[in-house]
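The data block below is coords00.txt; it holds compact mmCIF, C-alpha atoms.
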```txt
# COMPACT_ATOMS: atom_id res chain seq x y z
CA MET Q 1271 -66.76 -8.66 -65.92
CA ARG Q 1272 -68.38 -12.07 -66.42
CA ILE Q 1273 -66.71 -14.91 -68.31
CA PRO Q 1274 -68.78 -17.99 -69.18
CA TYR Q 1275 -66.99 -21.16 -68.05
CA GLU Q 1276 -67.09 -22.66 -71.55
CA GLN Q 1277 -65.04 -19.71 -72.88
CA ILE Q 1278 -62.17 -20.31 -70.44
CA THR Q 1279 -59.23 -21.99 -72.15
CA GLU Q 1280 -56.86 -21.99 -69.18
CA VAL Q 1281 -56.89 -21.15 -65.48
CA ALA Q 1282 -53.76 -21.09 -63.34
CA VAL Q 1283 -52.25 -19.58 -60.25
CA GLY Q 1284 -51.05 -16.14 -61.30
CA PRO Q 1285 -48.25 -13.92 -60.08
CA ARG Q 1286 -47.98 -12.48 -56.60
CA THR Q 1287 -48.65 -8.78 -57.08
CA PRO Q 1288 -47.46 -5.85 -54.95
CA TRP Q 1289 -50.01 -3.93 -52.89
CA TRP Q 1290 -49.56 -0.57 -54.64
CA PRO Q 1291 -51.12 -1.28 -58.08
CA ILE Q 1292 -54.57 -1.72 -56.48
CA GLY Q 1293 -57.57 -1.66 -58.83
CA ARG Q 1294 -57.98 -2.38 -62.51
CA ARG Q 1295 -54.61 -2.38 -64.23
CA ARG Q 1296 -53.04 -3.40 -67.54
CA MET Q 1297 -50.43 -6.06 -66.85
CA GLY Q 1298 -47.06 -6.10 -68.63
CA ASP Q 1299 -48.13 -9.03 -70.83
CA GLY Q 1300 -51.35 -7.31 -71.94
CA ALA Q 1301 -53.69 -9.04 -69.48
CA THR Q 1302 -56.18 -6.98 -67.51
CA GLY Q 1303 -55.56 -7.14 -63.77
CA TYR Q 1304 -58.15 -6.71 -61.03
CA LEU Q 1305 -55.74 -6.42 -58.16
CA MET Q 1306 -55.59 -5.93 -54.41
CA GLY Q 1307 -52.04 -7.21 -54.00
CA GLY Q 1308 -50.87 -10.67 -53.04
CA PRO Q 1309 -51.73 -14.02 -54.65
CA SER Q 1310 -53.73 -14.08 -57.88
CA VAL Q 1311 -55.40 -16.31 -60.46
CA ARG Q 1312 -54.91 -15.96 -64.24
CA ILE Q 1313 -57.99 -16.73 -66.34
CA THR Q 1314 -57.44 -17.03 -70.09
CA THR Q 1315 -59.93 -17.15 -72.97
CA ALA Q 1316 -59.34 -17.17 -76.73
CA GLU Q 1317 -59.61 -13.37 -76.78
CA THR Q 1318 -58.18 -12.14 -73.50
CA SER Q 1319 -56.43 -12.90 -70.26
CA MET Q 1320 -57.09 -11.45 -66.83
CA VAL Q 1321 -55.39 -11.65 -63.48
CA VAL Q 1322 -57.59 -11.46 -60.38
CA SER Q 1323 -56.40 -11.18 -56.80
CA ALA Q 1324 -57.39 -14.23 -54.74
CA GLU Q 1325 -56.16 -14.97 -51.23
CA GLU Q 1326 -56.25 -18.76 -51.72
CA SER Q 1327 -55.22 -18.75 -55.37
CA TYR Q 1328 -54.62 -22.53 -55.62
CA ARG Q 1329 -58.12 -23.26 -54.32
CA VAL Q 1330 -59.76 -20.63 -56.52
CA ALA Q 1331 -57.95 -21.82 -59.66
CA GLY Q 1332 -58.90 -25.43 -58.88
CA ALA Q 1333 -62.56 -24.55 -58.26
CA ILE Q 1334 -62.80 -22.62 -61.53
CA GLN Q 1335 -61.14 -25.47 -63.45
CA ARG Q 1336 -63.46 -28.11 -61.94
CA GLN Q 1337 -66.57 -26.04 -62.71
CA ARG Q 1338 -65.32 -25.34 -66.23
CA GLU Q 1339 -64.79 -29.06 -66.86
CA HIS Q 1340 -68.27 -29.83 -65.49
CA VAL Q 1341 -69.97 -27.23 -67.70
CA VAL Q 1342 -68.07 -28.35 -70.81
CA ALA Q 1343 -68.93 -32.03 -70.10
CA GLU Q 1344 -72.62 -31.18 -69.58
CA ARG Q 1345 -72.69 -29.26 -72.83
CA ALA Q 1346 -71.01 -32.11 -74.72
CA ALA Q 1347 -73.50 -34.61 -73.26
CA GLY Q 1348 -76.45 -32.33 -73.97
CA THR Q 1349 -77.45 -32.25 -70.30
CA GLU Q 1350 -76.90 -28.60 -69.44
CA SER Q 1351 -78.55 -27.49 -66.23
CA THR Q 1352 -80.80 -24.47 -66.51
CA GLY Q 1353 -79.79 -23.05 -63.14
CA ARG Q 1354 -76.39 -21.60 -64.14
```

Translate the structure described by the file into structure tokens.
Amino acid sequence: MRIPYEQITEVAVGPRTPWWPIGRRRMGDGATGYLMGGPSVRITTAETSMVVSAEESYRVAGAIQRQREHVVAERAAGTESTGR
């Protein structure tokens, strides 16, 4: 699944998941999980929320947030790069 950065409303470190629900799963709160067990990142849009396993969840969440802010700022300034 691909989510455009400008559609992301929130990104945060997600829950630590057990190893046994590996694969695509429906989380208890309705989010879709793409899980391998361990640390995760929660990505939220206006329509959905997903939880993705990520070994360095703090770094991944931070990188997504920085890129999201950059894309939104470019769009607002009318200077979108064509290489996205």

Considering all atoms listed in the file, state which residue in the set Q:Met1271, Q:Ala1333, Q:Val1283, Q:Ile1278 is at the smallest distance from Tyr1304 of chain Q.
->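 Of all the options, Q:Met1271 lies closest to Tyr1304 of chain Q.
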
d(atom CA of Ala1324 of chain Q, atom CA of Arg1345 of chain Q) in Å | 28.1 Å

Between Q:Val1322, Q:Ala1331, Q:Ala1346, Q:Ala1301, which is the closest to Val1281 of chain Q once you count all atoms listed in the file?
-> Q:Ala1331

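Across Q:Gln1277, Q:Val1321, Q:Gly1348, Q:Glu1339, the tightest approach to Gly1293 of chain Q is made by Q:Val1321 when counting all atoms listed in the file.
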
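Interatomic distance, atom CA of Asp1299 of chain Q against atom CA of Arg1272 of chain Q: 20.9 Å.
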
Would you please work out which residue, of Q:Arg1338, Q:Thr1349, Q:Arg1295, Q:Thr1287, is nearest to Ser1323 of chain Q when using all atoms listed in the file?
-> Q:Thr1287

Would you please work out which residue, of Q:Leu1305, Q:Ile1313, Q:Pro1288, Q:Arg1329, is nearest to Tyr1275 of chain Q when using only C-alpha atoms?
->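 Smallest distance to Tyr1275 of chain Q is found for Q:Ile1313.
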
Among the residues Q:Gly1308, Q:Ala1347, Q:Gly1303, Q:Glu1276, the one that comes closest to Trp1289 of chain Q [using only C-alpha atoms] =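 Among Q:Gly1308, Q:Ala1347, Q:Gly1303, Q:Glu1276, it is Q:Gly1308 that comes nearest to Trp1289 of chain Q.
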
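Between atom CA of Glu1280 of chain Q and atom CA of Glu1317 of chain Q the separation is 11.8 Å.
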
Please return the centre and edge lengths, in Å to one decimal, of a box with edges along x, y and z that contains all listed atoms of segment 1338-1349 of chain Q, widened by 8 Å on every side, as lines of an AutoDock Vina configuration file.
```
center_x = -71.1
center_y = -30.0
center_z = -70.1
size_x = 28.7
size_y = 25.3
size_z = 25.2
```

Just the residues within 9 Å of Thr1279 of chain Q, please, counting all atoms listed in the file, with nothing from its chain fewer than 5 positions along; format it as a list in words.
->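 Counting all atoms listed in the file, the residues come to Ile1313, Thr1314, Thr1315 and Ala1316 of chain Q.
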